[in-house]
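What follows is the content of start-v7.cif, which has mmCIF, C-alpha atoms and all ligand atoms:
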```cif
data_target
loop_
_atom_site.label_atom_id
_atom_site.label_comp_id
_atom_site.auth_asym_id
_atom_site.auth_seq_id
_atom_site.Cartn_x
_atom_site.Cartn_y
_atom_site.Cartn_z
CA ARG A 1 -4.11 3.48 20.48
CA TRP A 2 -6.46 0.51 20.37
CA GLN A 3 -5.07 -3.01 20.18
CA ILE A 4 -7.05 -5.70 18.38
CA ASP A 5 -6.52 -9.29 17.37
CA PRO A 6 -6.82 -9.25 13.56
CA GLN A 7 -7.75 -12.96 13.49
CA GLY A 8 -10.57 -12.63 16.02
CA THR A 9 -13.82 -10.68 15.89
CA GLY A 10 -14.08 -9.84 19.59
CA TRP A 11 -13.30 -6.20 18.82
CA ARG A 12 -16.52 -5.78 16.88
CA ASP A 13 -18.83 -5.28 19.87
CA THR A 14 -16.65 -2.87 21.79
CA PRO A 15 -16.97 0.83 22.61
CA GLU A 16 -13.65 1.35 20.82
CA PHE A 17 -15.10 0.05 17.56
CA GLU A 18 -18.11 2.34 17.99
CA ALA A 19 -15.73 5.22 18.64
CA ALA A 20 -13.77 4.43 15.46
CA VAL A 21 -16.98 4.48 13.44
CA ALA A 22 -17.99 7.76 15.08
CA ASP A 23 -14.56 9.26 14.28
CA LEU A 24 -14.92 8.32 10.62
CA LEU A 25 -18.46 9.68 10.41
CA ALA A 26 -17.26 12.93 12.00
CA GLY A 27 -14.58 13.31 9.32
CA ARG A 28 -11.64 12.44 11.56
CA LEU A 29 -8.62 10.37 10.55
CA VAL A 30 -8.11 6.84 11.86
CA ALA A 31 -5.10 4.62 11.18
CA VAL A 32 -6.45 1.21 10.21
CA PRO A 33 -4.38 -1.95 9.70
CA THR A 34 -4.97 -3.92 6.51
CA GLU A 35 -3.29 -7.13 5.37
CA THR A 36 -0.88 -5.10 3.20
CA VAL A 37 0.12 -1.97 5.11
CA TYR A 38 -1.57 0.39 7.60
CA GLY A 39 -4.01 2.81 5.99
CA LEU A 40 -4.65 6.46 6.89
CA ALA A 41 -8.42 6.17 6.76
CA ALA A 42 -11.23 8.67 6.34
CA ASP A 43 -14.78 8.80 5.01
CA ALA A 44 -14.33 8.77 1.21
CA THR A 45 -17.55 10.73 0.72
CA ASN A 46 -16.33 13.62 2.91
CA ALA A 47 -14.11 16.05 0.98
CA ARG A 48 -12.87 17.80 4.13
CA ALA A 49 -11.86 14.48 5.63
CA CYS A 50 -10.03 13.53 2.41
CA ALA A 51 -8.32 16.92 2.39
CA ALA A 52 -7.10 16.13 5.91
CA ILE A 53 -5.53 12.92 4.56
CA TYR A 54 -3.54 14.84 1.95
CA ALA A 55 -2.50 17.42 4.53
CA ALA A 56 -1.39 14.81 7.06
CA LYS A 57 0.63 12.90 4.48
CA GLY A 58 2.13 16.05 3.05
CA ARG A 59 1.28 14.85 -0.45
CA PRO A 60 2.63 17.37 -2.96
CA SER A 61 -0.43 16.99 -5.17
CA PHE A 62 -3.77 15.30 -4.91
CA ASN A 63 -2.97 11.72 -5.83
CA PRO A 64 -6.17 9.71 -5.99
CA LEU A 65 -6.98 7.47 -3.04
CA ILE A 66 -8.18 3.88 -2.92
CA ALA A 67 -11.76 3.44 -1.69
CA HIS A 68 -12.06 0.40 0.59
CA VAL A 69 -15.44 -1.31 0.75
CA ALA A 70 -16.92 -4.37 2.44
CA SER A 71 -17.93 -6.44 -0.58
CA THR A 72 -17.85 -6.74 -4.36
CA GLU A 73 -21.48 -5.67 -4.33
CA ALA A 74 -20.57 -2.48 -2.48
CA ALA A 75 -17.72 -1.88 -4.94
CA GLY A 76 -20.24 -2.10 -7.76
CA ARG A 77 -22.10 0.89 -6.33
CA HIS A 78 -19.05 3.11 -6.89
CA GLY A 79 -17.46 1.70 -10.02
CA VAL A 80 -18.48 -0.14 -13.16
CA LEU A 81 -17.32 -3.73 -12.75
CA ASP A 82 -17.15 -5.36 -16.16
CA GLU A 83 -16.68 -9.09 -16.70
CA ARG A 84 -12.90 -8.89 -16.16
CA ALA A 85 -13.45 -7.00 -12.91
CA GLN A 86 -16.01 -9.53 -11.72
CA THR A 87 -13.64 -12.38 -12.53
CA LEU A 88 -10.76 -10.78 -10.63
CA ALA A 89 -13.03 -9.84 -7.72
CA ALA A 90 -14.29 -13.41 -7.45
CA ALA A 91 -10.74 -14.75 -7.45
CA PHE A 92 -8.96 -12.22 -5.21
CA TRP A 93 -11.44 -10.27 -3.06
CA PRO A 94 -11.26 -9.93 -0.17
CA GLY A 95 -7.52 -9.49 -0.63
CA PRO A 96 -4.56 -7.33 -1.67
CA LEU A 97 -5.90 -6.34 -5.11
CA THR A 98 -7.08 -2.88 -6.16
CA LEU A 99 -9.09 -2.40 -9.36
CA VAL A 100 -9.18 0.92 -11.20
CA VAL A 101 -12.49 1.10 -13.08
CA PRO A 102 -14.82 3.79 -14.47
CA LYS A 103 -16.39 5.71 -11.58
CA ARG A 104 -20.18 5.67 -11.43
CA PRO A 105 -21.48 9.22 -11.81
CA ASP A 106 -23.84 8.60 -8.88
CA SER A 107 -21.11 7.33 -6.53
CA PRO A 108 -20.96 9.51 -3.41
CA VAL A 109 -17.15 9.22 -3.27
CA CYS A 110 -15.90 12.82 -3.36
CA ASP A 111 -13.91 14.20 -6.28
CA LEU A 112 -10.97 14.93 -4.03
CA ALA A 113 -10.65 11.21 -3.24
CA THR A 114 -10.46 10.39 -6.95
CA ALA A 115 -8.45 13.55 -7.72
CA GLY A 116 -11.13 14.61 -10.16
CA LEU A 117 -10.64 11.56 -12.39
CA ASP A 118 -13.58 9.75 -13.94
CA THR A 119 -12.08 6.49 -12.68
CA ILE A 120 -11.98 5.06 -9.16
CA ALA A 121 -9.65 2.65 -7.36
CA LEU A 122 -11.61 0.07 -5.37
CA ARG A 123 -10.47 -2.62 -2.96
CA VAL A 124 -12.18 -5.16 -0.70
CA PRO A 125 -9.41 -5.88 1.81
CA ALA A 126 -8.88 -9.20 3.55
CA ALA A 127 -8.47 -7.31 6.84
CA ALA A 128 -11.86 -7.64 8.54
CA ILE A 129 -11.39 -4.46 10.58
CA MET A 130 -11.35 -2.28 7.45
CA ARG A 131 -14.34 -4.06 5.91
CA GLU A 132 -16.32 -3.83 9.15
CA LEU A 133 -15.57 -0.13 9.55
CA SER A 134 -16.91 0.48 6.06
CA GLN A 135 -19.93 -1.73 6.74
CA ALA A 136 -20.76 -0.17 10.11
CA SER A 137 -20.28 3.42 8.95
CA GLY A 138 -22.07 2.80 5.68
CA ARG A 139 -19.25 4.67 3.95
CA PRO A 140 -16.49 3.72 1.53
CA ILE A 141 -13.18 4.34 3.33
CA ALA A 142 -10.45 6.30 1.58
CA ALA A 143 -7.05 5.14 2.78
CA PRO A 144 -3.59 5.68 1.40
CA SER A 145 -0.68 3.98 3.09
CA ALA A 146 -0.18 5.51 6.54
CA ASN A 147 3.15 7.23 6.05
CA ARG A 148 4.33 10.72 5.17
CA SER A 149 4.37 11.23 1.41
CA GLY A 150 7.41 9.72 -0.27
CA CYS A 151 8.45 7.80 2.84
CA ILE A 152 8.38 4.11 3.59
CA SER A 153 4.87 2.68 4.09
CA GLY A 154 3.93 1.80 7.66
CA THR A 155 3.63 -1.91 8.40
CA THR A 156 3.58 -1.59 12.20
CA ALA A 157 1.61 0.64 14.56
CA ASP A 158 4.86 2.12 15.89
CA ALA A 159 5.95 3.17 12.42
CA VAL A 160 2.57 4.81 11.84
CA ALA A 161 2.65 6.58 15.21
CA GLY A 162 6.14 7.90 14.45
CA ASP A 163 5.00 9.41 11.15
CA LEU A 164 1.46 10.57 11.82
CA ALA A 165 0.47 10.44 15.52
CA GLU A 166 -0.53 14.09 15.79
CA HIS A 167 -3.01 13.77 12.93
CA LEU A 168 -4.86 10.71 14.22
CA ALA A 169 -8.08 10.54 16.23
CA LEU A 170 -7.31 6.85 16.77
CA LEU A 171 -4.61 4.34 15.84
CA ILE A 172 -5.83 0.76 15.58
CA ASP A 173 -2.97 -1.61 16.32
CA ALA A 174 -3.21 -5.14 14.90
CA GLY A 175 0.51 -5.87 15.01
CA PRO A 176 2.71 -6.13 11.91
CA THR A 177 0.78 -6.41 8.66
CA PRO A 178 1.09 -9.92 7.16
CA VAL A 179 1.63 -9.11 3.46
CA GLY A 180 3.92 -6.13 3.99
CA VAL A 181 3.74 -4.51 0.55
CA GLU A 182 0.78 -2.57 -0.84
CA SER A 183 -1.97 -4.07 -2.97
CA THR A 184 -1.46 -4.89 -6.62
CA ILE A 185 -3.26 -2.29 -8.74
CA VAL A 186 -4.84 -3.40 -12.02
CA GLY A 187 -6.31 -0.84 -14.42
CA LEU A 188 -9.48 -1.93 -16.22
CA THR A 189 -10.43 1.30 -17.95
CA GLY A 190 -9.12 0.41 -21.41
CA ASN A 191 -9.08 -2.58 -23.72
CA ARG A 192 -6.10 -4.15 -22.05
CA ALA A 193 -5.90 -4.95 -18.36
CA THR A 194 -2.89 -3.02 -17.09
CA LEU A 195 -0.55 -3.62 -14.15
CA LEU A 196 -0.45 -0.12 -12.62
CA ARG A 197 1.48 -1.20 -9.51
CA PRO A 198 2.93 -4.60 -8.62
CA GLY A 199 1.95 -5.60 -5.09
CA GLY A 200 0.68 -8.27 -2.74
CA ILE A 201 -0.73 -10.53 -5.43
CA ALA A 202 1.78 -11.72 -8.00
CA ARG A 203 1.31 -10.76 -11.65
CA GLU A 204 1.44 -14.44 -12.61
CA GLU A 205 -1.60 -15.26 -10.44
CA ILE A 206 -3.65 -12.45 -11.96
CA GLU A 207 -2.67 -13.34 -15.52
CA ALA A 208 -3.62 -16.98 -14.90
CA VAL A 209 -7.12 -15.94 -13.79
CA LEU A 210 -7.57 -13.35 -16.55
CA GLY A 211 -6.20 -15.64 -19.24
CA GLU A 212 -4.15 -12.80 -20.74
CA PRO A 213 -0.93 -10.99 -19.94
CA LEU A 214 -1.15 -7.69 -18.06
CA ALA A 215 -0.06 -4.70 -20.13
CA ALA A 216 2.49 -2.15 -18.89
CA PRO A 217 1.11 1.30 -18.02
CA ALA A 218 1.24 3.60 -21.04
CA HIS A 219 3.11 6.58 -19.71
CA SER A 220 6.54 7.93 -20.31
CA PRO A 221 8.51 9.66 -17.56
CA GLY A 222 7.22 13.20 -17.08
CA ASP A 223 3.64 12.40 -18.08
CA ALA A 224 0.94 12.52 -15.47
CA PRO A 225 1.36 9.06 -13.98
CA GLU A 226 -1.59 6.68 -14.15
CA ALA A 227 -0.90 5.59 -10.60
CA PRO A 228 1.07 8.35 -8.92
CA GLY A 229 2.42 5.73 -6.51
CA MET A 230 4.48 5.06 -9.61
CA LEU A 231 6.29 8.37 -9.13
CA THR A 232 9.91 7.45 -9.60
CA SER A 233 11.32 8.41 -6.23
CA HIS A 234 9.05 6.95 -3.59
CA TYR A 235 9.24 4.78 -0.51
CA ALA A 236 12.52 6.51 0.15
CA PRO A 237 14.59 5.88 3.26
CA ARG A 238 16.94 8.66 4.40
CA ALA A 239 19.95 6.54 3.53
CA GLY A 240 20.95 6.03 -0.07
CA LEU A 241 20.21 2.60 -1.49
CA ARG A 242 22.46 0.57 -3.80
CA LEU A 243 20.73 -2.23 -5.68
CA ASP A 244 21.91 -5.71 -6.72
CA ALA A 245 24.85 -5.52 -4.36
CA ILE A 246 27.24 -8.45 -4.70
CA HIS A 247 29.61 -7.02 -2.13
CA VAL A 248 29.33 -4.64 0.80
CA GLU A 249 31.44 -1.51 0.79
CA PRO A 250 32.83 0.08 3.97
CA GLY A 251 30.20 2.16 5.75
CA GLU A 252 27.25 0.40 4.16
CA ALA A 253 24.45 -1.48 5.88
CA LEU A 254 23.22 -4.69 4.24
CA LEU A 255 19.67 -5.52 3.22
CA ALA A 256 20.06 -9.26 2.78
CA PHE A 257 17.92 -11.73 0.88
CA GLY A 258 18.89 -15.34 1.55
CA THR A 259 22.37 -16.76 1.89
CA PRO A 260 25.27 -16.77 1.36
CA LEU A 261 25.80 -13.14 2.29
CA PRO A 262 27.90 -11.12 -0.16
CA SER A 263 31.58 -10.51 0.42
CA GLY A 264 32.29 -7.73 2.87
CA ALA A 265 29.08 -8.51 4.80
CA GLU A 266 31.11 -8.91 7.98
CA ARG A 267 31.98 -5.21 7.87
CA ALA A 268 28.39 -4.04 7.28
CA SER A 269 27.36 -1.51 9.91
CA ALA A 270 24.06 -3.40 10.26
CA VAL A 271 22.35 -6.34 8.57
CA ALA A 272 18.63 -6.91 8.03
CA GLN A 273 17.69 -10.27 6.56
CA LEU A 274 14.48 -10.28 4.48
CA SER A 275 14.32 -14.06 4.32
CA GLU A 276 17.03 -16.48 5.31
CA SER A 277 15.47 -19.19 3.13
CA GLY A 278 14.80 -16.89 0.17
CA ASP A 279 11.01 -16.94 0.61
CA LEU A 280 9.46 -14.00 -1.27
CA HIS A 281 6.32 -13.77 0.88
CA GLU A 282 8.39 -13.56 4.03
CA ALA A 283 10.64 -10.99 2.36
CA ALA A 284 7.68 -8.81 1.32
CA ALA A 285 6.27 -8.93 4.84
CA ARG A 286 9.59 -7.74 6.30
CA LEU A 287 10.64 -5.27 3.60
CA PHE A 288 9.48 -1.91 4.96
CA THR A 289 10.32 -2.70 8.59
CA ALA A 290 13.80 -3.80 7.54
CA MET A 291 14.32 -0.59 5.57
CA ARG A 292 13.11 1.52 8.50
CA GLN A 293 15.39 -0.42 10.84
CA LEU A 294 18.54 0.10 8.76
CA ASP A 295 17.58 3.72 8.18
CA ALA A 296 17.10 4.35 11.91
CA GLY A 297 20.74 3.32 12.44
CA GLY A 298 21.72 6.51 10.61
CA VAL A 299 23.83 4.74 7.99
CA ALA A 300 24.75 6.67 4.82
CA ARG A 301 24.00 3.88 2.38
CA ILE A 302 22.18 0.56 2.28
CA ALA A 303 23.44 -2.20 -0.04
CA ALA A 304 20.55 -4.43 -1.15
CA MET A 305 21.16 -7.97 -2.35
CA PRO A 306 19.43 -8.98 -5.60
CA VAL A 307 15.89 -10.36 -5.35
CA PRO A 308 14.43 -12.51 -8.16
CA GLU A 309 11.88 -10.75 -10.38
CA THR A 310 9.23 -13.49 -10.04
CA GLY A 311 6.07 -13.66 -7.91
CA LEU A 312 6.14 -11.08 -5.11
CA GLY A 313 9.73 -10.33 -6.13
CA GLU A 314 8.33 -7.95 -8.75
CA ALA A 315 6.68 -5.81 -6.05
CA ILE A 316 9.76 -5.99 -3.78
CA ASN A 317 12.08 -4.91 -6.61
CA ASP A 318 9.67 -2.15 -7.62
CA ARG A 319 9.79 -0.69 -4.08
CA LEU A 320 13.58 -1.10 -3.89
CA ARG A 321 14.10 0.65 -7.25
CA ARG A 322 11.90 3.54 -6.14
CA ALA A 323 13.75 3.78 -2.84
CA ALA A 324 17.02 3.91 -4.79
CA ALA A 325 15.86 6.47 -7.37
CA PRO A 326 17.55 9.87 -7.43
CA ARG A 327 15.64 12.47 -5.45
CA ASP A 328 15.99 16.07 -4.52
O1 LIG A 401 -2.37 -1.89 0.00
C1 LIG A 401 -2.75 -0.77 -0.34
O2 LIG A 401 -3.13 -0.53 -1.49
C2 LIG A 401 -2.76 0.32 0.74
C3 LIG A 401 -3.76 -0.09 1.79
C4 LIG A 401 -3.95 0.97 2.86
O3 LIG A 401 -5.00 -0.40 1.20
N1 LIG A 401 -3.09 1.60 0.17
C5 LIG A 401 -2.22 2.27 -0.64
O4 LIG A 401 -2.69 3.52 -1.03
O5 LIG A 401 -1.16 1.83 -1.00
P1 LIG A 401 -1.74 4.63 -1.67
O6 LIG A 401 -2.57 5.88 -1.71
O7 LIG A 401 -0.46 4.72 -0.95
O8 LIG A 401 -1.55 4.12 -3.12
C6 LIG A 401 -2.66 4.09 -3.98
C7 LIG A 401 -2.23 4.20 -5.40
C8 LIG A 401 -1.65 5.55 -5.72
O9 LIG A 401 -0.44 5.35 -6.42
C9 LIG A 401 -2.68 6.18 -6.63
O10 LIG A 401 -2.10 6.98 -7.59
C10 LIG A 401 -3.35 4.99 -7.25
O11 LIG A 401 -3.40 4.06 -6.22
N2 LIG A 401 -4.71 5.31 -7.69
C11 LIG A 401 -5.76 5.62 -6.93
N3 LIG A 401 -6.83 5.93 -7.68
C12 LIG A 401 -6.46 5.80 -8.96
C13 LIG A 401 -7.09 5.99 -10.21
N4 LIG A 401 -8.37 6.38 -10.30
N5 LIG A 401 -6.37 5.77 -11.33
C14 LIG A 401 -5.09 5.37 -11.25
N6 LIG A 401 -4.42 5.19 -10.10
C15 LIG A 401 -5.08 5.41 -8.97
MG MG A 402 1.64 4.93 -0.49
#
```
With the file now loaded, output its structure as structure tokens.
Amino acid sequence: RWQIDPQGTGWRDTPEFEAAVADLLAGRLVAVPTETVYGLAADATNARACAAIYAAKGRPSFNPLIAHVASTEAAGRHGVLDERAQTLAAAFWPGPLTLVVPKRPDSPVCDLATAGLDTIALRVPAAAIMRELSQASGRPIAAPSANRSGCISGTTADAVAGDLAEHLALLIDAGPTPVGVESTIVGLTGNRATLLRPGGIAREEIEAVLGEPLAAPAHSPGDAPEAPGMLTSHYAPRAGLRLDAIHVEPGEALLAFGTPLPSGAERASAVAQLSESGDLHEAAARLFTAMRQLDAGGVARIAAMPVPETGLGEAINDRLRRAAAPRD
């Protein structure tokens, strides 16, 4: 485990940083903090390294991975950035936005990373450590959220260690991730810009910059999903989850959002407050840790208070609905 200060740059000229670059170049897996969640990172041009990502996560199928790069210019070497992409990149990169665009045939990103698609998901993260690792290694970095497939994404180094320690050459610890939910994914492969996954940047902000509403992904349940993160049951805690709870039933834990707490809250087996003041950014940042916390208590069911469907609330509700979806 290597601890860094995500605000500073002192880590850049250290033997640990060199070791992280060497690990990536050798095809090993490194857990890297980003502003959204921790990533399970590998060299995106190395198919064996990407295979190791899928194996470590226990992904049931090869869901395509996001390639993280250091700049918009670097992104343009792997994908075709049209005018919409350039506009969004200028507004939101570096930051929690992922763009799905046509893959350049000469991009060295391996087919396993893109799951054989002719499109590629690209992101320039705000987290300097991820950008610098890409820059220093000269490689795009494939990184899904650092959690076992279908489980809650890791937003702290401890959560990542608990899920994946035995698969990691190195875990870079930058403390809790500030945004707390994954990046927003926008598809730019068709005529309409499409919201493939709500995330760290609110739909409203993206629509304001694009000057048009984002379309919904065109797939019906059962189709091959456009963003397999959209698989219905996902981000699942062990406990069951009950949404829009306006009271707490005996034996339930409470995932609270603001006050007043619902009736019966006093008999909740545990309470995790996402944001006392009802702030959606704070709630997003705490979401996955709160779910892990309640889950660790071994409770049978979590009652979640309603969260408004605006701003980052869309991403929070998306993750809560997936966590509540029936599974087998
Ligand atoms: O914030 C994030 O996005 C984090 C950090 C580590 O960057 N990463 C992350 O990766 O959430 P992951 O693998 O958990 O989710 C990536 C999503 C998946 O649902 C995948 O299906 C979708 O991106 N995706 C990747 N490539 C795609 C493509 N070519 N077309 C459509 N969806 C794609
Ligand atoms: Mg994930």
Item to check | Contacts of Thr289 in chain A at 10 Å (all atoms listed in the file; same-chain gap of 5+ positions) as a PyMOL selection string | outcome: chain A and resi 152-156+159+176+180+272+274+284+294-295
Could you name the residues that touch Gly264 in chain A at 7 Å or less, counting only C-alpha atoms, but leaving out those on the same chain fewer than 6 positions away, as a compact mmCIF listing (two decimals) with C-alpha atoms, in the frame of the given file?
```
# COMPACT_ATOMS: atom_id res chain seq x y z
CA HIS A 247 29.61 -7.02 -2.13
CA VAL A 248 29.33 -4.64 0.80
CA GLU A 249 31.44 -1.51 0.79
```
Checklist outcome for this item: From the list A:Thr9, A:Ser263, A:Thr184, A:Thr310, the nearest residue to Glu132 in chain A using all atoms listed in the file is A:Thr9
Checklist entry - Which residues sit within 8 Å of ligand LIG 401 (chain A), counting only C-alpha atoms and all ligand atoms, listed as a PyMOL selection string? => result chain A and resi 32-41+63-66+68+96-98+100-101+113-115+117-123+125+143-146+153+181-185+187+196-197+199-200+225-231
Checklist entry - For ligand MG 402 (chain A), which residue among A:Cys151, A:Ala239, A:Leu171, A:Ile129 is the nearest when counting only C-alpha atoms and all ligand atoms? => result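 Using only C-alpha atoms and all ligand atoms, the shortest distance to ligand MG 402 (chain A) belongs to A:Cys151.
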Item to check | Counting only C-alpha atoms and all ligand atoms, the residue of A:Ala236, A:Cys110, A:Ile4, A:Ala70 that sits nearest ligand MG 402 (chain A) | outcome: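 Answer, going by the shortest atom-to-atom distance: A:Ala236.
In this model, the gap between CA of Glu204 in chain A and CA of Arg319 in chain A comes to 18.2 Å.
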Item to check | Residue list as a PyMOL selection string for point (3.9, -6.3, 15.6), cut-off 10 Å, all atoms listed in the file | outcome: chain A and resi 155-158+173-178
Item to check | Computed interatomic separation between CA of Leu25 in chain A and CA of Ala165 in chain A (Å) | outcome: 19.6 Å
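Proximity to ligand MG 402 (chain A) was assessed for A:Ala216, A:Ala136, A:Met291, A:Ile53 counting all atoms listed in the file; the smallest distance is recorded for A:Ile53.
Near Ile246 in chain A, within a cut-off of 12 Å and counting only C-alpha atoms, sit the residues A:Arg242, A:Leu243, A:Glu249, A:Leu254, A:Leu255, A:Ala256, A:Phe257, A:Thr259, A:Pro260, A:Leu261, A:Pro262, A:Ser263, A:Gly264, A:Ala265, A:Ala303, A:Ala304, A:Met305, A:Pro306, A:Val307, with same-chain residues fewer than 3 positions away left out.
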Same residues, C-alpha atoms, saved as an mmCIF file, in the frame of the given file:
```
data_model
loop_
_atom_site.group_PDB
_atom_site.id
_atom_site.type_symbol
_atom_site.label_atom_id
_atom_site.label_comp_id
_atom_site.auth_asym_id
_atom_site.auth_seq_id
_atom_site.Cartn_x
_atom_site.Cartn_y
_atom_site.Cartn_z
ATOM 1 C CA ARG A 242 22.460 0.570 -3.800
ATOM 2 C CA LEU A 243 20.730 -2.230 -5.680
ATOM 3 C CA GLU A 249 31.440 -1.510 0.790
ATOM 4 C CA LEU A 254 23.220 -4.690 4.240
ATOM 5 C CA LEU A 255 19.670 -5.520 3.220
ATOM 6 C CA ALA A 256 20.060 -9.260 2.780
ATOM 7 C CA PHE A 257 17.920 -11.730 0.880
ATOM 8 C CA THR A 259 22.370 -16.760 1.890
ATOM 9 C CA PRO A 260 25.270 -16.770 1.360
ATOM 10 C CA LEU A 261 25.800 -13.140 2.290
ATOM 11 C CA PRO A 262 27.900 -11.120 -0.160
ATOM 12 C CA SER A 263 31.580 -10.510 0.420
ATOM 13 C CA GLY A 264 32.290 -7.730 2.870
ATOM 14 C CA ALA A 265 29.080 -8.510 4.800
ATOM 15 C CA ALA A 303 23.440 -2.200 -0.040
ATOM 16 C CA ALA A 304 20.550 -4.430 -1.150
ATOM 17 C CA MET A 305 21.160 -7.970 -2.350
ATOM 18 C CA PRO A 306 19.430 -8.980 -5.600
ATOM 19 C CA VAL A 307 15.890 -10.360 -5.350
#
```
Next on the checklist: Given only C-alpha atoms and all ligand atoms as the basis, pick out the residue of A:Leu188, A:Glu282, A:Ala44, A:Phe288 nearest to ligand MG 402 (chain A).
Outcome noted: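 Among the listed residues, the smallest separation from ligand MG 402 (chain A) belongs to A:Phe288.
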Next on the checklist: Measuring between all atoms listed in the file, which one of A:Leu168, A:Ile201, A:Met130, A:Leu320 shows the shortest distance to Arg28 in chain A?
Outcome noted: A:Leu168
Around all the atoms of range 200-207 of chain A listed in the file, with 5 Å of room on each side, what axis-aligned box do you get, giving centre and edge lengths in Å to one decimal, as JSON?
```
{"center_x": -0.9, "center_y": -11.8, "center_z": -9.1, "size_x": 15.4, "size_y": 17.0, "size_z": 22.8}
```
Next on the checklist: If I take CA of His167 in chain A and CA of Arg59 in chain A, how far is one from the other in Å, to one decimal?
Outcome noted: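 Going from CA of His167 in chain A over to CA of Arg59 in chain A covers 14.1 Å.
For Leu133 in chain A, the residues within 9 Å (counting all atoms listed in the file, excluding itself and residues fewer than 5 positions away along the chain) are Phe17, Ala20, Val21, Leu24, Val69, Ala70, Ala128, Gly138, Arg139, Pro140 and Ile141 of chain A.
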Checklist entry - Neighbours of Lys57 in chain A within 8 Å (all atoms listed in the file; same-chain residues fewer than 5 positions away dropped), as a list in words? => result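 That gives Ala146, Asn147, Arg148, Ser149 and Leu164 of chain A.
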